[in-house]
Amino acid sequence: MAMTSVHDQVDKFLSVYERRPLRTNLGGMGLNHAFMLFQTLRTLNPELVVESGAWRGQSTWLIEQACPQAKIVSIDPRPDIRRYHSERALYSQLDFSQIDWGKWDTSNAVCFFDDHQNALARLKEMRWWNFRTAVFDDNYPPGEG
């Protein structure tokens, strides 16, 4: 990705964010964390993004926008809550730790964890499968979590 100013990066993100499928994403990531994920993914340009904790699907949509060529695995135990369904994503209700990642090329992958699980355990599981990059996003209310 060519070097761009912070203003250009924010403007690009806002033009994408304005098109988001869910206007209200209560319980999901908001504007600031969405910018962080979008910009991180655009910078890293992974071939695979594993999303653990999809909630209503807005972050899946954002991953598609940031990495149009990436394969996406979207994990959530409650597909009945999902409001956005990606034609590009492979969906699973299994926990990240229950999936055989040996079938995947993890050399250029990002794991995005918004699943409210133990981060240290997630890092150990990632290492076992040779994932190298993780992004954690858990938005607990102040004083909780």
# chains A, B, ... in the order shown; residues from 1 in each chain; ligands from 1
>>> select_by_dssp(residues="chain A", states="strand (DSSP E)", output="PyMOL selection string")
chain A and resi 48-52+71-75+89-92+109-113+133-136
>>> select_by_dssp(residues="region 2-62 of chain A", states="helix (DSSP H, G or I)", output="JSON, numbers by chain")
{"A": [6, 7, 8, 9, 10, 11, 12, 13, 14, 15, 16, 17, 31, 32, 33, 34, 35, 36, 37, 38, 39, 40, 41, 42, 43, 44, 58, 59, 60, 61, 62]}
>>> write_last_selection(atoms="N, CA, C and O atoms", output="tab-separated table (two decimals), in the first residue's frame")
chain	number	residue	atom	x	y	z
A	6	VAL	N	-2.53	10.50	7.08
A	6	VAL	CA	-3.55	10.04	8.02
A	6	VAL	C	-4.91	10.56	7.58
A	6	VAL	O	-5.91	9.83	7.64
A	7	HIS	N	-4.96	11.78	7.11
A	7	HIS	CA	-6.23	12.35	6.65
A	7	HIS	C	-6.79	11.55	5.48
A	7	HIS	O	-8.00	11.29	5.43
A	8	ASP	N	-5.94	11.17	4.55
A	8	ASP	CA	-6.38	10.35	3.42
A	8	ASP	C	-6.89	8.99	3.89
A	8	ASP	O	-7.89	8.48	3.37
A	9	GLN	N	-6.20	8.39	4.86
A	9	GLN	CA	-6.61	7.10	5.39
A	9	GLN	C	-7.98	7.20	6.07
A	9	GLN	O	-8.84	6.34	5.88
A	10	VAL	N	-8.16	8.24	6.85
A	10	VAL	CA	-9.45	8.45	7.53
A	10	VAL	C	-10.54	8.70	6.51
A	10	VAL	O	-11.64	8.13	6.60
A	11	ASP	N	-10.27	9.54	5.51
A	11	ASP	CA	-11.26	9.81	4.48
A	11	ASP	C	-11.67	8.54	3.73
A	11	ASP	O	-12.85	8.32	3.47
A	12	LYS	N	-10.69	7.71	3.38
A	12	LYS	CA	-10.99	6.44	2.69
A	12	LYS	C	-11.88	5.56	3.57
A	12	LYS	O	-12.88	5.02	3.12
A	13	PHE	N	-11.48	5.45	4.85
A	13	PHE	CA	-12.28	4.64	5.77
A	13	PHE	C	-13.70	5.17	5.89
A	13	PHE	O	-14.66	4.41	5.82
A	14	LEU	N	-13.85	6.46	6.08
A	14	LEU	CA	-15.19	7.04	6.26
A	14	LEU	C	-16.07	6.84	5.03
A	14	LEU	O	-17.27	6.61	5.16
A	15	SER	N	-15.46	6.88	3.84
A	15	SER	CA	-16.25	6.64	2.63
A	15	SER	C	-16.75	5.20	2.58
A	15	SER	O	-17.84	4.93	2.08
A	16	VAL	N	-15.96	4.28	3.11
A	16	VAL	CA	-16.38	2.88	3.19
A	16	VAL	C	-17.39	2.71	4.31
A	16	VAL	O	-18.45	2.10	4.12
A	17	TYR	N	-17.09	3.23	5.47
A	17	TYR	CA	-17.94	3.07	6.67
A	17	TYR	C	-19.35	3.62	6.43
A	17	TYR	O	-20.32	3.08	6.94
A	31	LEU	N	-17.19	3.02	15.59
A	31	LEU	CA	-16.39	3.74	14.60
A	31	LEU	C	-14.89	3.62	14.86
A	31	LEU	O	-14.13	3.28	13.95
A	32	ASN	N	-14.42	3.90	16.06
A	32	ASN	CA	-12.98	3.90	16.34
A	32	ASN	C	-12.35	2.53	16.13
A	32	ASN	O	-11.31	2.42	15.49
A	33	HIS	N	-12.96	1.50	16.65
A	33	HIS	CA	-12.40	0.16	16.51
A	33	HIS	C	-12.54	-0.34	15.08
A	33	HIS	O	-11.69	-1.09	14.60
A	34	ALA	N	-13.59	0.08	14.40
A	34	ALA	CA	-13.75	-0.29	12.99
A	34	ALA	C	-12.62	0.32	12.16
A	34	ALA	O	-12.06	-0.34	11.28
A	35	PHE	N	-12.26	1.57	12.46
A	35	PHE	CA	-11.14	2.19	11.75
A	35	PHE	C	-9.85	1.43	12.02
A	35	PHE	O	-9.07	1.17	11.10
A	36	MET	N	-9.63	1.06	13.27
A	36	MET	CA	-8.41	0.31	13.63
A	36	MET	C	-8.34	-0.99	12.82
A	36	MET	O	-7.31	-1.32	12.23
A	37	LEU	N	-9.43	-1.76	12.78
A	37	LEU	CA	-9.42	-3.03	12.05
A	37	LEU	C	-9.22	-2.78	10.55
A	37	LEU	O	-8.39	-3.44	9.91
A	38	PHE	N	-9.95	-1.86	10.00
A	38	PHE	CA	-9.87	-1.56	8.57
A	38	PHE	C	-8.44	-1.19	8.18
A	38	PHE	O	-7.87	-1.75	7.24
A	39	GLN	N	-7.86	-0.26	8.90
A	39	GLN	CA	-6.53	0.22	8.56
A	39	GLN	C	-5.47	-0.86	8.78
A	39	GLN	O	-4.54	-1.01	7.99
A	40	THR	N	-5.60	-1.63	9.86
A	40	THR	CA	-4.66	-2.72	10.12
A	40	THR	C	-4.69	-3.75	9.00
A	40	THR	O	-3.65	-4.16	8.49
A	41	LEU	N	-5.88	-4.14	8.59
A	41	LEU	CA	-6.00	-5.13	7.53
A	41	LEU	C	-5.50	-4.60	6.19
A	41	LEU	O	-4.83	-5.31	5.45
A	42	ARG	N	-5.80	-3.35	5.89
A	42	ARG	CA	-5.30	-2.77	4.63
A	42	ARG	C	-3.78	-2.71	4.63
A	42	ARG	O	-3.14	-2.93	3.61
A	43	THR	N	-3.19	-2.43	5.78
A	43	THR	CA	-1.74	-2.34	5.88
A	43	THR	C	-1.09	-3.72	5.75
A	43	THR	O	-0.11	-3.90	5.03
A	44	LEU	N	-1.65	-4.71	6.44
A	44	LEU	CA	-1.07	-6.07	6.43
A	44	LEU	C	-1.40	-6.84	5.16
A	44	LEU	O	-0.65	-7.74	4.77
A	58	GLN	N	-21.27	-7.12	10.96
A	58	GLN	CA	-20.70	-5.86	10.45
A	58	GLN	C	-19.19	-5.96	10.25
A	58	GLN	O	-18.65	-5.46	9.27
A	59	SER	N	-18.50	-6.63	11.18
A	59	SER	CA	-17.05	-6.75	11.04
A	59	SER	C	-16.69	-7.65	9.84
A	59	SER	O	-15.68	-7.41	9.18
A	60	THR	N	-17.51	-8.63	9.54
A	60	THR	CA	-17.29	-9.45	8.34
A	60	THR	C	-17.33	-8.57	7.10
A	60	THR	O	-16.47	-8.66	6.22
A	61	TRP	N	-18.34	-7.72	7.04
A	61	TRP	CA	-18.47	-6.79	5.93
A	61	TRP	C	-17.24	-5.88	5.84
A	61	TRP	O	-16.70	-5.66	4.75
A	62	LEU	N	-16.78	-5.39	6.98
A	62	LEU	CA	-15.63	-4.49	7.00
A	62	LEU	C	-14.36	-5.21	6.53
A	62	LEU	O	-13.56	-4.64	5.79
>>> closest_residue(among="A:Pro46, A:Gly102, A:Gly28, A:Pro68", to="Ile81 (chain A)", atoms="only C-alpha atoms")
A:Gly28
>>> closest_residue(among="A:Val50, A:Val135, A:Leu123, A:Ile63", to="Trp104 (chain A)", atoms="only C-alpha atoms")
A:Val50
>>> closest_residue(among="A:Glu51, A:Glu64, A:Asp76, A:Glu125", to="Arg88 (chain A)", atoms="only C-alpha atoms")
A:Glu64
>>> atom_distance(atom1="CA of Leu22 (chain A)", atom2="CA of Asp80 (chain A)")
15.6 Å
